Amino acid sequence: MLFSSLRSTIGCACLLGGLTIAAGPTLIGTLPVDAASAPFSAVLVAFLGLAIGLVLRQLVLRRLDRVLKEQKAENLRFDTAINNMTQGLCFFDGQRRLIVCNNRYADLYKLSRDMVRRGTTLAEIVDHRFAAGSFPDMSRDDYLKWRESIAVADKASDTVSTLKDGRTIAIHHEPMPDGGWVATHADITEQCRTQAQIERMLRHDALTGLPNRLLFREHLNEALQRKRIAGHSLAVLCIDLDRFKEVNDTLGHPVGDQLLRAAAQRLNECVGQNDLVARLGGDEFAIVQTEATQPIEARALADRLVRVMAAPFRLEGHQVVVGVSVGVAVVAGDTVGDPDELLKEADLAMYEAKAGGRGKYSVFTPEMGAHVQGRRWLENDLRAAVDRGEFELFFQPIVGLADHRVRAFEALLRWHHPSRGLVMPDQFIALAEETGLIEAIGAWVLKDACSRAAQWPSRVGIAINLSPVQLRSGNLIAVVQAALQASGLSPTRLELEITESVPLAGNSHNLAMLHELRALGVRISLDDFGVGYSSLGYLRTFPFNKIKIDRSFVRDVAGNRDAAAIVRAVTTLGEDLGMAITAEGVETDEQWRLVRELGCEEAQGYFISRPRPAGEVDAILKIDSRLAVVRASAPC
Ligand code: C2E
Ligand code: CA
Ligand code: CA
């Protein structure tokens, strides 16, 4: 463009200026000259001179033409090169006048062809850019002030400029010795957008769009620094969805994901505008609450979270109730506060809330550390216990009240902890359920119990406790089938005990699982009957084979008319529904006699035998026909 025409003109001028024509004497001197033929010679010389002149002229013109063509081609190459640059390029002289620029520069700033002529001043160009909106966003007054004293850097520099239309331009400025400069202008809008997107992705959770752990920590750090200056207090809340795993396992991951998104939205709606909600991973969320009176407002927020999150979620036609446990840690205005420490405290408080029965919140106290730490140890040890073979099954006989013979044994789990000794199920089953470890443990129980029972006389059954978590999992049927197959035990000898904590009414998954088990030939018993809230109604949800009356009724049956009336009512109902009744926890001969009179068919309890190791089953079976009363000497 401008630069090419400039280069052509200069090039031609130089060539013409430098051209010299050598002719005459040197060449003529080589010809033979004769005096007699002088006139002829003169004509000949003149003719030759003319001819040589013409030839030389022709040669010169040809050369000039070639040089011009080469120059033109070079200019074209130069033009093509600078106009194909992805960056805008401009040269200004010491008087801030444009020498040359490429098309990209003109396009970048919406400069007309007129504008980009040699000699246009920098001020004219920026005026044009300001009017066209291809200039940083500023008021007219600010612009005029800036324009009055446009400063041109006298050192190489790199700057980034954001234009009013949103584009981002990276400018590299290189000063020239004559006071002018050359600059490249690169549109890095897309690059910035991609970078911003990557930045966002690094700091946000893709599923919920909430800040992730990284951003949460950065935000908490900043909030702690601000707090130090302003002197107010700050709270961190850790939130865990109580029944997330259940939903994920029974309704599938897509519904689990929907639940997380819906939960994230609800959490966001609960907090104040200065607070930050983050997803730390899985079903774990956290909040930083700032600029609030602590711990009053943190307690109020925790209370609100527990209430709001307890309301059902509607997900793909399912009504899902999850609830949350919340842990709160507060740092007072005059304390420095460490982000990791705070998060750990809130986490410990959250575990405490969970251990306290879920759907609750608790505020961190220093004593919590030791307690929760103990649980963590237990959890770690429990994880390794299956692999290390630390579990053992004890067996407690269930005896027919009429014939005194052993009908079945109930398998009861014991844990031989390497340092704590014998650990009873009450101390670890709940934790195993919470952590999901019960699935592996329960599978081991089924396998071990079935293989042992397969060695007993075929009239003796085996009763195994099932956790609600096992029922929820998708592979219970396969696990039961595998245990039966491996042991060769007939399914009719297997009784699975569930309690009322297994939701049945309206829970098609659990009901389907029970029906499938029944279809295999396995028997289903209702354990601990009477301690739930909806006992009688529960009995109608599924055709149980057996009802085991909880030992709290059996204990009272001798001295308490109500307890006796309840046992009587249950045996009558059992008869109507075709369900056998077992009395649990029979400890005395009076209880034995009474439960038999009240219509129970079977009894289980210390009066007959305590749970005993597998090796003692044979001995119990040998004496069962002689009214087996095997009082255990060991306290287990
Ligand atoms: P459960 O199913 O009700 O088991 C009966 C519990 O009552 C056993 O306690 C047994 O030792 C105790 N017991 C039996 N007769 C008497 C008696 O006459 N008096 C008194 N006071 N207690 C008696 P254990 O073995 O400590 O088991 C406690 C609970 O742990 C069980 O209650 C059951 O819910 C659970 N559990 C045990 N083993 C397993 C298992 O393999 N899987 C699952 N999911 N839960 C298990
Ligand atoms: Ca049981
Ligand atoms: Ca029971």
# chains A, B, ... in the order shown; residues from 1 in each chain; ligands from 1

call {"tool": "residues_near_ligand", "arguments": {"ligand": "ligand 1", "cutoff": "8 Å", "atoms": "only C-alpha atoms and all ligand atoms", "output": "PDB file with N, CA and C atoms, in the first residue's frame"}}
result
ATOM      1  N   LEU A 393     -18.234 -64.975  63.094  1.00  0.00           N
ATOM      2  CA  LEU A 393     -19.668 -65.085  63.368  1.00  0.00           C
ATOM      3  C   LEU A 393     -19.886 -65.964  64.592  1.00  0.00           C
ATOM      4  N   PHE A 394     -20.764 -65.479  65.487  1.00  0.00           N
ATOM      5  CA  PHE A 394     -21.241 -66.285  66.607  1.00  0.00           C
ATOM      6  C   PHE A 394     -22.657 -66.726  66.222  1.00  0.00           C
ATOM      7  N   GLN A 396     -26.505 -68.004  67.623  1.00  0.00           N
ATOM      8  CA  GLN A 396     -27.423 -68.135  68.760  1.00  0.00           C
ATOM      9  C   GLN A 396     -28.649 -68.947  68.306  1.00  0.00           C
ATOM     10  N   GLU A 410     -29.159 -67.803  64.684  1.00  0.00           N
ATOM     11  CA  GLU A 410     -28.972 -66.456  64.140  1.00  0.00           C
ATOM     12  C   GLU A 410     -27.477 -66.156  64.128  1.00  0.00           C
ATOM     13  N   ALA A 411     -26.983 -65.696  62.991  1.00  0.00           N
ATOM     14  CA  ALA A 411     -25.558 -65.349  62.878  1.00  0.00           C
ATOM     15  C   ALA A 411     -25.364 -63.943  63.425  1.00  0.00           C
ATOM     16  N   LEU A 412     -24.480 -63.793  64.393  1.00  0.00           N
ATOM     17  CA  LEU A 412     -24.228 -62.480  65.005  1.00  0.00           C
ATOM     18  C   LEU A 412     -22.737 -62.149  64.912  1.00  0.00           C
ATOM     19  N   LEU A 413     -22.492 -60.975  64.412  1.00  0.00           N
ATOM     20  CA  LEU A 413     -21.131 -60.606  64.030  1.00  0.00           C
ATOM     21  C   LEU A 413     -20.280 -60.151  65.215  1.00  0.00           C
ATOM     22  N   ARG A 414     -19.027 -60.559  65.226  1.00  0.00           N
ATOM     23  CA  ARG A 414     -18.055 -60.117  66.228  1.00  0.00           C
ATOM     24  C   ARG A 414     -16.800 -59.650  65.501  1.00  0.00           C
ATOM     25  N   MET A 424     -18.250 -55.397  69.836  1.00  0.00           N
ATOM     26  CA  MET A 424     -19.612 -55.877  69.580  1.00  0.00           C
ATOM     27  C   MET A 424     -20.252 -55.080  68.437  1.00  0.00           C
ATOM     28  N   PRO A 425     -21.230 -55.688  67.750  1.00  0.00           N
ATOM     29  CA  PRO A 425     -21.805 -55.019  66.563  1.00  0.00           C
ATOM     30  C   PRO A 425     -22.404 -53.640  66.857  1.00  0.00           C
ATOM     31  N   ASP A 426     -22.962 -53.460  68.054  1.00  0.00           N
ATOM     32  CA  ASP A 426     -23.549 -52.147  68.365  1.00  0.00           C
ATOM     33  C   ASP A 426     -22.524 -51.024  68.226  1.00  0.00           C
ATOM     34  N   ILE A 429     -21.618 -51.395  63.665  1.00  0.00           N
ATOM     35  CA  ILE A 429     -22.544 -51.571  62.520  1.00  0.00           C
ATOM     36  C   ILE A 429     -23.002 -50.212  61.969  1.00  0.00           C
ATOM     37  N   ILE A 438     -20.607 -51.648  55.106  1.00  0.00           N
ATOM     38  CA  ILE A 438     -21.502 -52.756  55.458  1.00  0.00           C
ATOM     39  C   ILE A 438     -21.751 -53.659  54.254  1.00  0.00           C
ATOM     40  N   ILE A 441     -18.908 -56.084  54.306  1.00  0.00           N
ATOM     41  CA  ILE A 441     -19.008 -56.887  55.531  1.00  0.00           C
ATOM     42  C   ILE A 441     -20.201 -57.833  55.430  1.00  0.00           C
ATOM     43  N   GLY A 442     -21.337 -57.267  54.971  1.00  0.00           N
ATOM     44  CA  GLY A 442     -22.565 -58.065  54.855  1.00  0.00           C
ATOM     45  C   GLY A 442     -22.392 -59.220  53.873  1.00  0.00           C
ATOM     46  N   VAL A 445     -20.545 -61.885  55.658  1.00  0.00           N
ATOM     47  CA  VAL A 445     -21.418 -62.568  56.627  1.00  0.00           C
ATOM     48  C   VAL A 445     -22.268 -63.611  55.900  1.00  0.00           C
ATOM     49  N   ILE A 464     -29.921 -64.464  59.142  1.00  0.00           N
ATOM     50  CA  ILE A 464     -28.853 -63.459  58.930  1.00  0.00           C
ATOM     51  C   ILE A 464     -29.469 -62.061  58.919  1.00  0.00           C
ATOM     52  N   ASN A 465     -28.816 -61.149  59.635  1.00  0.00           N
ATOM     53  CA  ASN A 465     -29.311 -59.767  59.675  1.00  0.00           C
ATOM     54  C   ASN A 465     -28.908 -59.005  58.421  1.00  0.00           C
ATOM     55  N   LEU A 466     -29.881 -58.281  57.863  1.00  0.00           N
ATOM     56  CA  LEU A 466     -29.602 -57.464  56.672  1.00  0.00           C
ATOM     57  C   LEU A 466     -29.711 -55.994  57.049  1.00  0.00           C
ATOM     58  N   SER A 467     -28.759 -55.214  56.617  1.00  0.00           N
ATOM     59  CA  SER A 467     -28.825 -53.765  56.880  1.00  0.00           C
ATOM     60  C   SER A 467     -29.647 -53.096  55.776  1.00  0.00           C
ATOM     61  N   PRO A 468     -30.339 -52.001  56.105  1.00  0.00           N
ATOM     62  CA  PRO A 468     -31.082 -51.260  55.062  1.00  0.00           C
ATOM     63  C   PRO A 468     -30.164 -50.862  53.911  1.00  0.00           C
ATOM     64  N   GLU A 497     -33.212 -61.294  58.052  1.00  0.00           N
ATOM     65  CA  GLU A 497     -33.938 -60.443  59.006  1.00  0.00           C
ATOM     66  C   GLU A 497     -33.764 -58.980  58.633  1.00  0.00           C
ATOM     67  N   ASP A 527     -37.502 -58.192  62.124  1.00  0.00           N
ATOM     68  CA  ASP A 527     -36.728 -58.210  63.376  1.00  0.00           C
ATOM     69  C   ASP A 527     -37.160 -57.050  64.286  1.00  0.00           C
ATOM     70  N   ASP A 528     -36.908 -57.176  65.579  1.00  0.00           N
ATOM     71  CA  ASP A 528     -37.123 -56.095  66.569  1.00  0.00           C
ATOM     72  C   ASP A 528     -38.536 -55.529  66.491  1.00  0.00           C
ATOM     73  N   ASP A 550     -39.553 -57.802  69.743  1.00  0.00           N
ATOM     74  CA  ASP A 550     -38.365 -57.233  70.373  1.00  0.00           C
ATOM     75  C   ASP A 550     -38.274 -57.608  71.850  1.00  0.00           C
ATOM     76  N   ARG A 551     -37.043 -57.729  72.304  1.00  0.00           N
ATOM     77  CA  ARG A 551     -36.850 -58.217  73.658  1.00  0.00           C
ATOM     78  C   ARG A 551     -37.362 -57.250  74.727  1.00  0.00           C
ATOM     79  N   GLU A 584     -37.941 -62.716  71.235  1.00  0.00           N
ATOM     80  CA  GLU A 584     -36.496 -62.485  71.378  1.00  0.00           C
ATOM     81  C   GLU A 584     -36.150 -62.158  72.828  1.00  0.00           C
ATOM     82  N   GLY A 585     -34.946 -62.423  73.223  1.00  0.00           N
ATOM     83  CA  GLY A 585     -34.446 -61.988  74.538  1.00  0.00           C
ATOM     84  C   GLY A 585     -35.075 -62.706  75.715  1.00  0.00           C
ATOM     85  N   VAL A 586     -35.406 -63.989  75.518  1.00  0.00           N
ATOM     86  CA  VAL A 586     -35.982 -64.769  76.634  1.00  0.00           C
ATOM     87  C   VAL A 586     -34.844 -65.117  77.593  1.00  0.00           C
ATOM     88  N   GLU A 587     -34.960 -64.589  78.810  1.00  0.00           N
ATOM     89  CA  GLU A 587     -33.842 -64.765  79.756  1.00  0.00           C
ATOM     90  C   GLU A 587     -34.194 -65.661  80.945  1.00  0.00           C
ATOM     91  N   GLN A 604     -35.867 -67.162  71.532  1.00  0.00           N
ATOM     92  CA  GLN A 604     -34.419 -66.974  71.392  1.00  0.00           C
ATOM     93  C   GLN A 604     -33.979 -66.153  72.586  1.00  0.00           C
ATOM     94  N   GLY A 605     -32.890 -66.483  73.189  1.00  0.00           N
ATOM     95  CA  GLY A 605     -32.433 -65.671  74.327  1.00  0.00           C
ATOM     96  C   GLY A 605     -31.440 -66.399  75.187  1.00  0.00           C
ATOM     97  N   TYR A 606     -30.907 -65.675  76.150  1.00  0.00           N
ATOM     98  CA  TYR A 606     -29.873 -66.228  77.027  1.00  0.00           C
ATOM     99  C   TYR A 606     -30.384 -67.427  77.825  1.00  0.00           C
ATOM    100  N   PHE A 607     -31.710 -67.508  78.040  1.00  0.00           N
ATOM    101  CA  PHE A 607     -32.269 -68.647  78.773  1.00  0.00           C
ATOM    102  C   PHE A 607     -31.929 -69.953  78.045  1.00  0.00           C
ATOM    103  N   SER A 609     -29.525 -70.074  75.142  1.00  0.00           N
ATOM    104  CA  SER A 609     -28.070 -70.011  74.933  1.00  0.00           C
ATOM    105  C   SER A 609     -27.661 -68.602  74.523  1.00  0.00           C
ATOM    106  N   ARG A 610     -26.508 -68.206  74.958  1.00  0.00           N
ATOM    107  CA  ARG A 610     -25.919 -66.976  74.433  1.00  0.00           C
ATOM    108  C   ARG A 610     -25.391 -67.275  73.023  1.00  0.00           C
ATOM    109  N   PRO A 611     -25.110 -66.246  72.235  1.00  0.00           N
ATOM    110  CA  PRO A 611     -24.470 -66.515  70.944  1.00  0.00           C
ATOM    111  C   PRO A 611     -23.119 -67.186  71.189  1.00  0.00           C
ATOM    112  N   CYS A 636     -20.584 -63.221  75.989  1.00  0.00           N
ATOM    113  CA  CYS A 636     -20.955 -62.760  74.652  1.00  0.00           C
ATOM    114  C   CYS A 636     -21.943 -63.737  74.044  1.00  0.00           C
TER     115      CYS A 636
END

call {"tool": "select_by_dssp", "arguments": {"residues": "segment 329-551 of chain A", "states": "alpha helix (DSSP H)", "output": "short mmCIF file (atom, residue, chain, number, x, y, z; two decimals) with N, CA and C atoms, in the first residue's frame"}}
result
data_model
loop_
_atom_site.label_atom_id
_atom_site.label_comp_id
_atom_site.auth_asym_id
_atom_site.auth_seq_id
_atom_site.Cartn_x
_atom_site.Cartn_y
_atom_site.Cartn_z
N PRO A 339 -7.06 -20.89 57.69
CA PRO A 339 -8.11 -21.48 56.85
C PRO A 339 -8.23 -23.00 56.99
N ASP A 340 -7.07 -23.69 57.00
CA ASP A 340 -7.13 -25.16 57.09
C ASP A 340 -7.68 -25.62 58.43
N GLU A 341 -7.25 -24.91 59.47
CA GLU A 341 -7.71 -25.25 60.82
C GLU A 341 -9.23 -25.07 60.93
N LEU A 342 -9.70 -23.94 60.39
CA LEU A 342 -11.14 -23.64 60.46
C LEU A 342 -11.96 -24.69 59.74
N LEU A 343 -11.48 -25.07 58.56
CA LEU A 343 -12.19 -26.06 57.76
C LEU A 343 -12.22 -27.40 58.49
N LYS A 344 -11.11 -27.72 59.12
CA LYS A 344 -11.01 -28.99 59.86
C LYS A 344 -11.99 -28.97 61.04
N GLU A 345 -12.06 -27.84 61.73
CA GLU A 345 -12.96 -27.74 62.88
C GLU A 345 -14.42 -27.87 62.44
N ALA A 346 -14.75 -27.19 61.34
CA ALA A 346 -16.13 -27.26 60.84
C ALA A 346 -16.46 -28.70 60.42
N ASP A 347 -15.46 -29.38 59.86
CA ASP A 347 -15.62 -30.76 59.43
C ASP A 347 -15.85 -31.68 60.63
N LEU A 348 -15.07 -31.46 61.68
CA LEU A 348 -15.23 -32.26 62.90
C LEU A 348 -16.62 -32.04 63.50
N ALA A 349 -17.04 -30.78 63.51
CA ALA A 349 -18.36 -30.46 64.06
C ALA A 349 -19.45 -31.12 63.22
N MET A 350 -19.21 -31.20 61.92
CA MET A 350 -20.20 -31.82 61.04
C MET A 350 -20.30 -33.33 61.34
N TYR A 351 -19.16 -33.96 61.57
CA TYR A 351 -19.16 -35.39 61.93
C TYR A 351 -19.91 -35.61 63.24
N GLU A 352 -19.71 -34.68 64.15
CA GLU A 352 -20.38 -34.76 65.45
C GLU A 352 -21.90 -34.68 65.23
N ALA A 353 -22.31 -33.76 64.35
CA ALA A 353 -23.74 -33.60 64.06
C ALA A 353 -24.29 -34.89 63.46
N LYS A 354 -23.52 -35.50 62.57
CA LYS A 354 -23.95 -36.75 61.93
C LYS A 354 -24.08 -37.87 62.96
N ALA A 355 -23.07 -37.94 63.84
CA ALA A 355 -23.08 -38.98 64.86
C ALA A 355 -24.25 -38.77 65.82
N MET A 368 -14.39 -31.86 70.81
CA MET A 368 -14.85 -32.70 69.68
C MET A 368 -13.71 -33.42 69.00
N GLY A 369 -12.56 -32.76 68.99
CA GLY A 369 -11.40 -33.32 68.27
C GLY A 369 -11.15 -34.76 68.65
N ALA A 370 -11.01 -34.99 69.95
CA ALA A 370 -10.63 -36.32 70.43
C ALA A 370 -11.69 -37.35 70.07
N HIS A 371 -12.96 -36.99 70.28
CA HIS A 371 -14.06 -37.91 70.03
C HIS A 371 -14.11 -38.35 68.57
N VAL A 372 -14.08 -37.33 67.71
CA VAL A 372 -14.21 -37.63 66.28
C VAL A 372 -12.97 -38.36 65.78
N GLN A 373 -11.83 -37.98 66.35
CA GLN A 373 -10.60 -38.66 65.96
C GLN A 373 -10.73 -40.16 66.22
N GLY A 374 -11.35 -40.49 67.36
CA GLY A 374 -11.57 -41.89 67.72
C GLY A 374 -12.39 -42.60 66.66
N ARG A 375 -13.41 -41.92 66.19
CA ARG A 375 -14.27 -42.49 65.14
C ARG A 375 -13.49 -42.72 63.86
N ARG A 376 -12.63 -41.75 63.55
CA ARG A 376 -11.83 -41.88 62.33
C ARG A 376 -10.93 -43.11 62.39
N TRP A 377 -10.31 -43.31 63.56
CA TRP A 377 -9.46 -44.49 63.74
C TRP A 377 -10.27 -45.75 63.50
N LEU A 378 -11.46 -45.75 64.11
CA LEU A 378 -12.33 -46.91 64.00
C LEU A 378 -12.68 -47.18 62.53
N GLU A 379 -12.96 -46.08 61.84
CA GLU A 379 -13.34 -46.20 60.43
C GLU A 379 -12.18 -46.79 59.62
N ASN A 380 -10.98 -46.28 59.85
CA ASN A 380 -9.81 -46.79 59.13
C ASN A 380 -9.59 -48.27 59.42
N ASP A 381 -9.72 -48.63 60.71
CA ASP A 381 -9.51 -50.02 61.10
C ASP A 381 -10.58 -50.92 60.50
N LEU A 382 -11.81 -50.39 60.47
CA LEU A 382 -12.93 -51.18 59.95
C LEU A 382 -12.72 -51.49 58.47
N ARG A 383 -12.18 -50.52 57.76
CA ARG A 383 -11.91 -50.70 56.34
C ARG A 383 -11.00 -51.91 56.10
N ALA A 384 -10.02 -52.05 56.98
CA ALA A 384 -9.03 -53.11 56.77
C ALA A 384 -9.50 -54.45 57.36
N ALA A 385 -10.55 -54.40 58.21
CA ALA A 385 -10.91 -55.59 58.98
C ALA A 385 -11.34 -56.77 58.11
N VAL A 386 -12.09 -56.49 57.02
CA VAL A 386 -12.55 -57.60 56.17
C VAL A 386 -11.35 -58.31 55.57
N ASP A 387 -10.44 -57.50 54.99
CA ASP A 387 -9.27 -58.10 54.34
C ASP A 387 -8.41 -58.86 55.33
N ARG A 388 -8.32 -58.32 56.54
CA ARG A 388 -7.45 -58.97 57.53
C ARG A 388 -8.11 -60.16 58.21
N ILE A 429 -21.62 -51.39 63.66
CA ILE A 429 -22.54 -51.57 62.52
C ILE A 429 -23.00 -50.21 61.97
N ALA A 430 -23.36 -49.27 62.86
CA ALA A 430 -23.85 -47.96 62.39
C ALA A 430 -22.77 -47.27 61.56
N LEU A 431 -21.53 -47.35 62.02
CA LEU A 431 -20.43 -46.71 61.29
C LEU A 431 -20.21 -47.41 59.94
N ALA A 432 -20.33 -48.74 59.97
CA ALA A 432 -20.16 -49.50 58.72
C ALA A 432 -21.26 -49.11 57.72
N GLU A 433 -22.46 -48.84 58.25
CA GLU A 433 -23.55 -48.44 57.35
C GLU A 433 -23.29 -47.05 56.79
N GLU A 434 -22.86 -46.15 57.66
CA GLU A 434 -22.60 -44.78 57.25
C GLU A 434 -21.53 -44.70 56.18
N THR A 435 -20.51 -45.54 56.32
CA THR A 435 -19.38 -45.47 55.39
C THR A 435 -19.59 -46.37 54.17
N ILE A 438 -20.61 -51.65 55.11
CA ILE A 438 -21.50 -52.76 55.46
C ILE A 438 -21.75 -53.66 54.25
N GLU A 439 -21.63 -53.11 53.06
CA GLU A 439 -21.88 -53.96 51.87
C GLU A 439 -20.87 -55.09 51.80
N ALA A 440 -19.59 -54.73 51.99
CA ALA A 440 -18.53 -55.76 51.94
C ALA A 440 -18.65 -56.68 53.15
N ILE A 441 -18.91 -56.08 54.31
CA ILE A 441 -19.01 -56.89 55.53
C ILE A 441 -20.20 -57.83 55.43
N GLY A 442 -21.34 -57.27 54.97
CA GLY A 442 -22.56 -58.07 54.85
C GLY A 442 -22.39 -59.22 53.87
N ALA A 443 -21.65 -58.98 52.80
CA ALA A 443 -21.42 -60.04 51.82
C ALA A 443 -20.59 -61.15 52.45
N TRP A 444 -19.62 -60.75 53.26
CA TRP A 444 -18.79 -61.76 53.95
C TRP A 444 -19.66 -62.59 54.91
N VAL A 445 -20.55 -61.88 55.66
CA VAL A 445 -21.42 -62.57 56.63
C VAL A 445 -22.27 -63.61 55.90
N LEU A 446 -22.88 -63.20 54.79
CA LEU A 446 -23.74 -64.12 54.04
C LEU A 446 -22.95 -65.36 53.58
N LYS A 447 -21.77 -65.11 53.06
CA LYS A 447 -20.96 -66.21 52.54
C LYS A 447 -20.55 -67.17 53.66
N ASP A 448 -20.03 -66.59 54.74
CA ASP A 448 -19.53 -67.42 55.85
C ASP A 448 -20.67 -68.17 56.53
N ALA A 449 -21.78 -67.46 56.79
CA ALA A 449 -22.90 -68.08 57.51
C ALA A 449 -23.49 -69.22 56.67
N CYS A 450 -23.68 -69.00 55.37
CA CYS A 450 -24.27 -70.04 54.53
C CYS A 450 -23.36 -71.26 54.46
N SER A 451 -22.06 -71.02 54.33
CA SER A 451 -21.17 -72.18 54.20
C SER A 451 -21.13 -72.98 55.50
N ARG A 452 -21.26 -72.29 56.65
CA ARG A 452 -21.27 -73.05 57.91
C ARG A 452 -22.59 -73.81 58.06
N ALA A 453 -23.70 -73.12 57.71
CA ALA A 453 -25.01 -73.74 57.87
C ALA A 453 -25.15 -74.98 56.99
N PRO A 468 -30.34 -52.00 56.11
CA PRO A 468 -31.08 -51.26 55.06
C PRO A 468 -30.16 -50.86 53.91
N VAL A 469 -28.90 -50.61 54.23
CA VAL A 469 -27.95 -50.19 53.19
C VAL A 469 -27.73 -51.32 52.18
N GLN A 470 -27.69 -52.57 52.67
CA GLN A 470 -27.52 -53.71 51.76
C GLN A 470 -28.71 -53.83 50.82
N LEU A 471 -29.91 -53.57 51.38
CA LEU A 471 -31.11 -53.66 50.55
C LEU A 471 -31.11 -52.60 49.45
N ARG A 472 -30.63 -51.44 49.82
CA ARG A 472 -30.58 -50.34 48.88
C ARG A 472 -29.64 -50.62 47.72
N LEU A 476 -27.62 -56.91 45.95
CA LEU A 476 -27.93 -57.83 47.05
C LEU A 476 -28.34 -59.21 46.54
N ILE A 477 -29.20 -59.21 45.51
CA ILE A 477 -29.70 -60.50 45.02
C ILE A 477 -28.52 -61.36 44.55
N ALA A 478 -27.62 -60.72 43.80
CA ALA A 478 -26.46 -61.45 43.29
C ALA A 478 -25.60 -61.98 44.44
N VAL A 479 -25.45 -61.17 45.48
CA VAL A 479 -24.62 -61.57 46.63
C VAL A 479 -25.26 -62.76 47.34
N VAL A 480 -26.58 -62.72 47.50
CA VAL A 480 -27.28 -63.83 48.17
C VAL A 480 -27.17 -65.10 47.32
N GLN A 481 -27.41 -64.93 46.03
CA GLN A 481 -27.33 -66.10 45.14
C GLN A 481 -25.94 -66.71 45.17
N ALA A 482 -24.93 -65.84 45.16
CA ALA A 482 -23.55 -66.33 45.17
C ALA A 482 -23.27 -67.11 46.46
N ALA A 483 -23.77 -66.60 47.59
CA ALA A 483 -23.53 -67.27 48.87
C ALA A 483 -24.21 -68.64 48.88
N LEU A 484 -25.42 -68.69 48.32
CA LEU A 484 -26.16 -69.97 48.29
C LEU A 484 -25.46 -70.96 47.38
N GLN A 485 -25.05 -70.44 46.25
CA GLN A 485 -24.42 -71.32 45.27
C GLN A 485 -23.09 -71.89 45.79
N ALA A 486 -22.29 -70.99 46.35
CA ALA A 486 -20.96 -71.42 46.83
C ALA A 486 -21.08 -72.46 47.95
N SER A 487 -22.14 -72.32 48.78
CA SER A 487 -22.27 -73.21 49.94
C SER A 487 -23.09 -74.45 49.62
N SER A 508 -40.68 -48.77 46.03
CA SER A 508 -40.83 -49.91 45.13
C SER A 508 -39.53 -50.71 45.01
N HIS A 509 -38.39 -50.02 45.14
CA HIS A 509 -37.11 -50.73 45.01
C HIS A 509 -36.96 -51.77 46.12
N ASN A 510 -37.15 -51.32 47.37
CA ASN A 510 -36.99 -52.25 48.51
C ASN A 510 -38.00 -53.39 48.44
N LEU A 511 -39.23 -53.04 48.09
CA LEU A 511 -40.26 -54.09 47.99
C LEU A 511 -39.90 -55.11 46.92
N ALA A 512 -39.43 -54.59 45.79
CA ALA A 512 -39.06 -55.50 44.69
C ALA A 512 -37.93 -56.43 45.12
N MET A 513 -36.98 -55.88 45.87
CA MET A 513 -35.85 -56.71 46.33
C MET A 513 -36.35 -57.84 47.22
N LEU A 514 -37.25 -57.49 48.14
CA LEU A 514 -37.76 -58.52 49.07
C LEU A 514 -38.54 -59.59 48.30
N HIS A 515 -39.34 -59.14 47.35
CA HIS A 515 -40.11 -60.12 46.57
C HIS A 515 -39.18 -61.02 45.76
N GLU A 516 -38.12 -60.43 45.25
CA GLU A 516 -37.16 -61.23 44.48
C GLU A 516 -36.50 -62.28 45.37
N LEU A 517 -36.17 -61.87 46.60
CA LEU A 517 -35.56 -62.82 47.54
C LEU A 517 -36.54 -63.94 47.86
N ARG A 518 -37.79 -63.55 48.06
CA ARG A 518 -38.81 -64.56 48.33
C ARG A 518 -38.95 -65.53 47.15
N ALA A 519 -38.84 -64.94 45.97
CA ALA A 519 -38.97 -65.78 44.77
C ALA A 519 -37.83 -66.80 44.68
N LEU A 520 -36.69 -66.47 45.28
CA LEU A 520 -35.57 -67.43 45.29
C LEU A 520 -35.83 -68.59 46.25
N SER A 535 -45.54 -50.08 63.48
CA SER A 535 -45.40 -51.53 63.44
C SER A 535 -46.53 -52.28 62.75
N LEU A 536 -47.76 -52.00 63.14
CA LEU A 536 -48.85 -52.80 62.58
C LEU A 536 -49.03 -52.54 61.10
N GLY A 537 -48.96 -51.27 60.73
CA GLY A 537 -49.09 -50.90 59.32
C GLY A 537 -47.98 -51.54 58.51
N TYR A 538 -46.79 -51.59 59.10
CA TYR A 538 -45.62 -52.12 58.41
C TYR A 538 -45.83 -53.58 58.04
N LEU A 539 -46.50 -54.32 58.95
CA LEU A 539 -46.73 -55.75 58.72
C LEU A 539 -47.52 -56.01 57.45
N ARG A 551 -37.04 -57.73 72.30
CA ARG A 551 -36.85 -58.22 73.66
C ARG A 551 -37.36 -57.25 74.73
#

call {"tool": "closest_residue", "arguments": {"among": "A:Met138, A:Gln265, A:Cys101, A:Glu601", "to": "Gly209 of chain A", "atoms": "only C-alpha atoms"}}
result
A:Gln265

call {"tool": "residues_around", "arguments": {"residues": "Asn83 of chain A", "least_positions_apart": "6", "cutoff": "7 Å", "atoms": "only C-alpha atoms", "output": "ChimeraX atom specification"}}
result
/A:102-104

call {"tool": "closest_residue", "arguments": {"among": "A:Ala230, A:Ala263, A:Val363, A:Leu207", "to": "Ala302 of chain A", "atoms": "only C-alpha atoms"}}
result
A:Val363

call {"tool": "residues_around", "arguments": {"residues": "Ile99 of chain A", "least_positions_apart": "6", "cutoff": "6 Å", "atoms": "only C-alpha atoms", "output": "number ranges by chain"}}
result
A: 91-92, 118

call {"tool": "closest_residue", "arguments": {"among": "A:Gln191, A:Thr335, A:Thr582, A:Thr588", "to": "ligand 3", "atoms": "only C-alpha atoms and all ligand atoms"}}
result
A:Thr582
